[in-house]
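Next comes start_10.tsv, a file with TSV, C-alpha atoms.
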chain	number	residue	atom	x	y	z
A	11	MET	CA	127.86	90.83	84.34
A	12	ARG	CA	124.49	89.10	84.72
A	13	VAL	CA	121.57	91.47	85.17
A	14	GLU	CA	118.69	90.23	87.30
A	15	PRO	CA	115.14	90.71	86.00
A	16	PHE	CA	112.95	93.31	87.62
A	17	ALA	CA	111.12	92.23	90.76
A	18	GLU	CA	107.33	92.54	90.60
A	19	ALA	CA	107.35	95.11	93.39
A	20	ASP	CA	109.67	97.28	91.32
A	21	LEU	CA	107.28	97.47	88.35
A	22	THR	CA	104.27	99.61	87.52
A	23	HIS	CA	101.49	98.57	85.15
A	24	ASP	CA	100.59	101.58	83.02
A	25	ALA	CA	97.87	102.22	80.47
A	26	MET	CA	98.83	103.65	77.11
A	27	LEU	CA	96.55	104.69	74.24
A	28	GLY	CA	93.64	104.92	76.64
A	29	GLY	CA	94.22	101.35	77.81
A	30	LYS	CA	94.63	99.77	74.38
A	31	ALA	CA	98.16	98.84	75.48
A	32	MET	CA	99.22	98.01	79.05
A	33	ILE	CA	102.92	98.37	79.79
A	34	ARG	CA	104.92	97.05	82.72
A	35	GLN	CA	107.93	99.25	83.39
A	36	PRO	CA	110.31	99.93	86.27
A	37	ARG	CA	109.34	102.40	88.96
A	38	VAL	CA	112.94	103.62	88.93
A	39	GLY	CA	114.87	103.64	85.67
A	40	TYR	CA	113.98	104.38	82.10
A	41	ARG	CA	110.22	104.97	81.82
A	42	ALA	CA	108.38	105.60	78.59
A	43	GLY	CA	107.14	109.11	77.95
A	44	THR	CA	105.37	110.43	74.89
A	45	ASP	CA	108.31	109.77	72.57
A	46	PRO	CA	107.87	106.02	71.82
A	47	VAL	CA	104.11	106.53	71.48
A	48	LEU	CA	104.57	109.31	68.93
A	49	LEU	CA	107.25	107.36	67.08
A	50	ALA	CA	105.03	104.30	66.80
A	51	ALA	CA	102.12	106.46	65.64
A	52	THR	CA	104.06	107.62	62.57
A	53	ILE	CA	104.83	104.13	61.28
A	54	GLU	CA	102.60	103.52	58.27
A	55	ALA	CA	102.84	99.75	58.46
A	56	LYS	CA	100.21	97.44	57.05
A	57	PRO	CA	99.06	94.08	58.44
A	58	GLY	CA	101.61	91.43	57.54
A	59	GLN	CA	104.50	93.87	57.20
A	60	SER	CA	107.54	93.66	59.50
A	61	VAL	CA	108.79	96.40	61.83
A	62	LEU	CA	112.07	96.43	63.75
A	63	GLU	CA	112.69	98.77	66.67
A	64	LEU	CA	116.30	99.49	67.59
A	65	GLY	CA	116.76	99.95	71.34
A	66	CYS	CA	113.19	98.95	72.15
A	67	GLY	CA	113.51	99.19	75.94
A	68	ALA	CA	110.53	97.57	77.66
A	69	GLY	CA	108.64	97.57	74.37
A	70	PRO	CA	106.15	100.47	74.70
A	71	GLY	CA	106.63	101.52	71.09
A	72	LEU	CA	106.19	97.99	69.77
A	73	CYS	CA	103.08	97.45	71.90
A	74	CYS	CA	101.52	100.73	70.79
A	75	LEU	CA	102.19	99.92	67.15
A	76	GLY	CA	100.79	96.41	67.55
A	77	ALA	CA	97.65	97.79	69.18
A	78	ARG	CA	97.09	100.20	66.29
A	79	VAL	CA	97.99	97.84	63.41
A	80	PRO	CA	96.74	94.30	64.09
A	81	GLY	CA	98.73	91.65	62.25
A	82	VAL	CA	101.97	93.60	61.97
A	83	GLN	CA	105.13	91.54	62.60
A	84	LEU	CA	107.02	93.07	65.53
A	85	TYR	CA	110.75	92.79	66.24
A	86	GLY	CA	113.06	94.59	68.62
A	87	ILE	CA	116.63	94.60	69.86
A	88	GLU	CA	117.60	95.83	73.32
A	89	LEU	CA	121.02	96.04	74.96
A	90	GLN	CA	119.90	95.68	78.58
A	91	PRO	CA	118.78	92.12	79.41
A	92	ALA	CA	116.21	93.08	82.05
A	93	TYR	CA	114.50	95.49	79.67
A	94	ALA	CA	114.59	92.96	76.82
A	95	ALA	CA	112.87	90.40	79.05
A	96	LEU	CA	110.29	92.99	80.04
A	97	ALA	CA	109.64	93.82	76.38
A	98	ARG	CA	108.93	90.16	75.65
A	99	ARG	CA	106.57	90.02	78.61
A	100	ASN	CA	104.75	93.18	77.53
A	101	LEU	CA	104.25	91.87	74.02
A	102	SER	CA	102.91	88.59	75.36
A	103	GLU	CA	100.57	90.17	77.90
A	104	ASN	CA	99.15	92.46	75.20
A	105	GLY	CA	98.40	89.46	73.01
A	106	LEU	CA	101.03	90.43	70.46
A	107	GLY	CA	103.39	88.06	68.75
A	108	GLY	CA	106.91	89.34	68.44
A	109	THR	CA	110.63	88.72	68.77
A	110	VAL	CA	112.97	90.73	70.99
A	111	TRP	CA	116.68	90.04	70.76
A	112	GLU	CA	119.06	90.89	73.56
A	113	GLY	CA	122.26	92.46	72.25
A	114	ASP	CA	124.20	95.39	70.91
A	115	LEU	CA	122.57	96.86	67.81
A	116	SER	CA	126.00	97.58	66.34
A	117	ALA	CA	126.77	93.82	66.50
A	118	PRO	CA	123.33	92.22	66.18
A	119	PRO	CA	122.73	88.50	66.56
A	120	PRO	CA	122.80	86.31	63.43
A	121	GLU	CA	119.02	85.82	63.57
A	122	MET	CA	118.48	89.56	63.16
A	123	ARG	CA	121.15	89.91	60.48
A	124	ALA	CA	119.36	87.25	58.42
A	125	LEU	CA	116.19	89.37	58.19
A	126	SER	CA	115.15	92.56	56.47
A	127	PHE	CA	112.19	94.73	57.39
A	128	HIS	CA	109.57	96.98	55.82
A	129	HIS	CA	110.10	99.56	58.58
A	130	VAL	CA	112.83	100.30	61.12
A	131	MET	CA	112.11	102.77	63.90
A	132	ALA	CA	114.31	104.13	66.65
A	133	ASN	CA	114.26	106.49	69.62
A	134	PRO	CA	118.03	106.70	70.31
A	135	PRO	CA	119.43	108.29	73.47
A	136	TYR	CA	119.08	112.04	73.16
A	137	PHE	CA	122.55	112.84	74.52
A	138	GLU	CA	126.01	111.64	73.65
A	139	ALA	CA	127.83	109.71	76.36
A	140	GLY	CA	129.69	112.08	78.66
A	141	ARG	CA	127.40	115.02	77.99
A	142	GLY	CA	124.64	116.27	80.24
A	143	ILE	CA	123.87	115.23	83.79
A	144	ALA	CA	124.44	111.54	84.48
A	145	ALA	CA	121.45	109.55	85.70
A	146	GLN	CA	121.88	107.65	88.96
A	147	ASP	CA	120.04	104.60	87.59
A	148	ALA	CA	122.01	102.65	84.99
A	149	GLY	CA	118.96	101.82	82.88
A	150	ARG	CA	117.82	105.41	82.77
A	151	GLY	CA	121.38	106.50	82.05
A	152	LEU	CA	121.62	104.33	78.95
A	153	GLY	CA	118.22	105.59	77.83
A	154	ARG	CA	119.40	109.19	78.08
A	155	ALA	CA	122.98	108.93	76.86
A	156	GLY	CA	124.43	106.03	74.96
A	157	GLU	CA	127.86	104.96	73.80
A	158	THR	CA	126.72	104.06	70.27
A	159	PRO	CA	127.04	107.04	67.87
A	160	LEU	CA	123.87	108.27	66.22
A	161	ALA	CA	125.43	107.55	62.81
A	162	THR	CA	125.73	103.88	63.79
A	163	TRP	CA	122.04	103.69	64.66
A	164	VAL	CA	121.21	105.04	61.21
A	165	ALA	CA	123.65	102.75	59.41
A	166	VAL	CA	122.24	99.68	61.17
A	167	ALA	CA	118.69	100.75	60.37
A	168	ALA	CA	119.56	101.18	56.70
A	169	LYS	CA	121.26	97.80	56.52
A	170	ARG	CA	118.19	96.05	57.93
A	171	LEU	CA	115.70	97.71	55.56
A	172	ARG	CA	114.12	95.92	52.65
A	173	PRO	CA	114.30	97.72	49.27
A	174	ARG	CA	111.96	100.74	49.40
A	175	GLY	CA	111.59	100.28	53.16
A	176	TYR	CA	111.31	103.19	55.59
A	177	MET	CA	113.36	104.23	58.60
A	178	THR	CA	111.88	106.66	61.13
A	179	PHE	CA	113.72	108.35	64.00
A	180	ILE	CA	112.63	110.64	66.82
A	181	GLN	CA	115.34	112.88	68.25
A	182	ARG	CA	115.99	116.18	69.99
A	183	ALA	CA	115.89	119.18	67.67
A	184	GLU	CA	119.47	120.24	68.42
A	185	ARG	CA	120.76	116.97	66.97
A	186	LEU	CA	118.83	117.36	63.73
A	187	PRO	CA	121.89	118.31	61.61
A	188	GLU	CA	123.73	115.19	62.79
A	189	LEU	CA	120.71	112.98	62.16
A	190	LEU	CA	120.01	114.38	58.69
A	191	ALA	CA	123.65	113.99	57.66
A	192	ALA	CA	123.67	110.37	58.78
A	193	MET	CA	120.40	109.56	57.03
A	194	GLN	CA	121.41	111.27	53.79
A	195	ALA	CA	124.35	108.87	53.57
A	196	HIS	CA	122.03	105.85	53.46
A	197	VAL	CA	118.47	106.72	52.40
A	198	GLY	CA	116.58	109.20	50.27
A	199	ALA	CA	113.17	110.88	50.17
A	200	LEU	CA	113.83	112.44	53.58
A	201	GLU	CA	110.92	114.01	55.47
A	202	LEU	CA	111.07	116.22	58.56
A	203	LEU	CA	108.22	116.75	61.01
A	204	PRO	CA	109.01	119.17	63.89
A	205	LEU	CA	107.03	118.79	67.13
A	206	LEU	CA	106.27	121.93	69.11
A	207	PRO	CA	105.61	121.57	72.85
A	208	ARG	CA	103.08	124.45	72.65
A	209	PRO	CA	101.95	127.02	70.07
A	210	GLY	CA	104.65	129.60	69.42
A	211	ARG	CA	107.42	127.56	71.07
A	212	ALA	CA	110.53	126.27	69.30
A	213	PRO	CA	110.49	122.54	68.53
A	214	ARG	CA	112.10	120.27	71.12
A	215	LEU	CA	111.65	117.05	69.18
A	216	VAL	CA	111.76	116.14	65.52
A	217	LEU	CA	110.62	113.11	63.58
A	218	VAL	CA	112.65	112.24	60.48
A	219	ARG	CA	111.76	109.58	57.94
A	220	GLY	CA	113.72	108.28	54.95
A	221	ARG	CA	113.19	105.60	52.33
A	222	LYS	CA	115.71	103.11	51.05
A	223	ASP	CA	116.35	103.85	47.36
A	224	GLY	CA	114.00	106.83	47.65
A	225	LYS	CA	114.42	109.57	45.05
A	226	ALA	CA	111.83	112.16	46.13
A	227	ALA	CA	112.92	115.66	47.15
A	228	PHE	CA	113.34	116.56	50.82
A	229	ARG	CA	110.05	117.52	52.47
A	230	PHE	CA	109.81	119.87	55.45
A	231	HIS	CA	106.33	119.36	56.87
A	232	PRO	CA	104.49	122.01	58.91
A	233	PRO	CA	105.15	121.65	62.64
A	234	GLN	CA	102.58	119.93	64.80
A	235	VAL	CA	101.73	121.08	68.33
A	236	ILE	CA	101.66	118.52	71.15
A	237	HIS	CA	99.97	120.49	73.95
A	238	ALA	CA	97.08	122.92	73.85
A	239	PRO	CA	97.60	126.58	74.80
A	240	GLY	CA	97.45	127.54	78.45
A	241	GLU	CA	99.16	126.58	81.66
A	242	HIS	CA	100.21	122.99	82.16
A	243	GLU	CA	98.68	121.53	85.32
A	244	ASP	CA	100.59	118.99	87.38
A	245	GLY	CA	99.51	115.49	86.48
A	246	VAL	CA	97.35	116.65	83.56
A	247	ASN	CA	98.48	116.24	79.97
A	248	ASN	CA	96.45	118.86	78.14
A	249	TYR	CA	97.19	117.58	74.65
A	250	SER	CA	96.04	119.37	71.54
A	251	GLU	CA	93.05	117.85	69.77
A	252	ALA	CA	95.20	116.00	67.24
A	253	PHE	CA	97.56	114.61	69.86
A	254	THR	CA	94.71	113.59	72.16
A	255	LYS	CA	93.61	111.25	69.37
A	256	VAL	CA	97.14	109.86	69.15
A	257	MET	CA	97.91	109.55	72.85
A	258	LYS	CA	94.49	108.57	74.21
A	259	HIS	CA	92.79	106.79	71.31
A	260	GLY	CA	95.63	105.17	69.37
A	261	ALA	CA	95.31	107.23	66.20
A	262	GLY	CA	98.16	107.44	63.71
A	263	LEU	CA	100.35	110.51	63.31
A	264	PRO	CA	100.90	111.02	59.57
A	265	PHE	CA	103.74	113.24	58.48
A	266	SER	CA	101.23	115.06	56.26
A	267	GLU	CA	97.52	114.86	55.69
Can you give me the file's structure in the form of structure tokens?
Amino acid sequence: MRVEPFAEADLTHDAMLGGKAMIRQPRVGYRAGTDPVLLAATIEAKPGQSVLELGCGAGPGLCCLGARVPGVQLYGIELQPAYAALARRNLSENGLGGTVWEGDLSAPPPEMRALSFHHVMANPPYFEAGRGIAAQDAGRGLGRAGETPLATWVAVAAKRLRPRGYMTFIQRAERLPELLAAMQAHVGALELLPLLPRPGRAPRLVLVRGRKDGKAAFRFHPPQVIHAPGEHEDGVNNYSEAFTKVMKHGAGLPFSE
């Protein structure tokens, strides 16, 4: 079934990283939150290196990474044609060169299969298909719950990595055992960074990184806190000092100092 591109009236134009990246995204559907920004902030890419994002959506993660690391080579694959087209537009309008393929990551196009990358990053759907409350919008639904198993995301990421390359995933904390098991089957030198919504709260999100052919022991890094203490006001993101630098100024988010 052919999917029509988004109409201009159905898009918003949103500032990320304090305006360093401007993202067009649908008013209704999957909209980028903090997750792709945080994921992109952890990627320790250098100018000239290549980064592939699996399931890149409208490209907020790629644009944030490109804004922070000038000269990085950006690639993405996205299942939904309208979102893939929007990702290409966002890269172009942010002055970033890049390639976004339209297709299923479990059966990628030949052009993608011919390449290998220094980094692969992914923000897979947080729920398995059939679990949780279904979203009324199809795009949002695929962003929340996908048909492709988490283990397949990891296997594809590993296959596309260059020797000694890194894969980095962001995922809900309750799926950490599944994610770690999948990554251990393909990469080594695993690192875990839990993200706490507020001081004293249990982590909701985790970042996990692994290295192809890595031999280092597993590292469990101290949790980092996203929001400052106190009540959360509507419309106000009271980030902690460290995350204000990430979210508002485009700073990196290292797994450890």
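Minimum distance to Ser116 (chain A) across A:Gly65, A:Gly81, A:Gly28, A:Gly198 (counting only C-alpha atoms) occurs at A:Gly65.
Counting all atoms listed in the file, the residue from A:Val130, A:Ala95, A:Ala227, A:Ala51 that sits nearest to Gln83 (chain A) is A:Val130.
Distance check against Val82 (chain A) using only C-alpha atoms: of A:Ala226, A:Cys66, A:Ala42, A:Val61, the minimum falls on A:Val61.
Nearest to Val216 (chain A) of all the residues A:Val166, A:Ile33, A:Ala161, A:Leu49 is A:Leu49, counting only C-alpha atoms.
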| Which residues come within 8 Å of Ala97 (chain A), counting only C-alpha atoms, excluding same-chain residues fewer than 2 positions away, as an NGL selection string? | :A and (66-70 or 93-95 or 99-101 or 110)
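Taking CA of Gly210 (chain A) as the reference point, CA of Arg41 (chain A) is found at 28.1 Å.
Using all atoms listed in the file, the nearest neighbour of Thr254 (chain A) within the list A:Leu64, A:Ile236, A:Ala212, A:Ala55 is A:Ile236.
The gap separating CA of Glu188 (chain A) from CA of Arg170 (chain A) is 20.5 Å, in Å to one decimal.
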| task | Measuring atom to atom with only C-alpha atoms, identify which of A:Ala132, A:Leu89, A:Cys74, A:Met193 is nearest to Leu106 (chain A). | result | A:Cys74
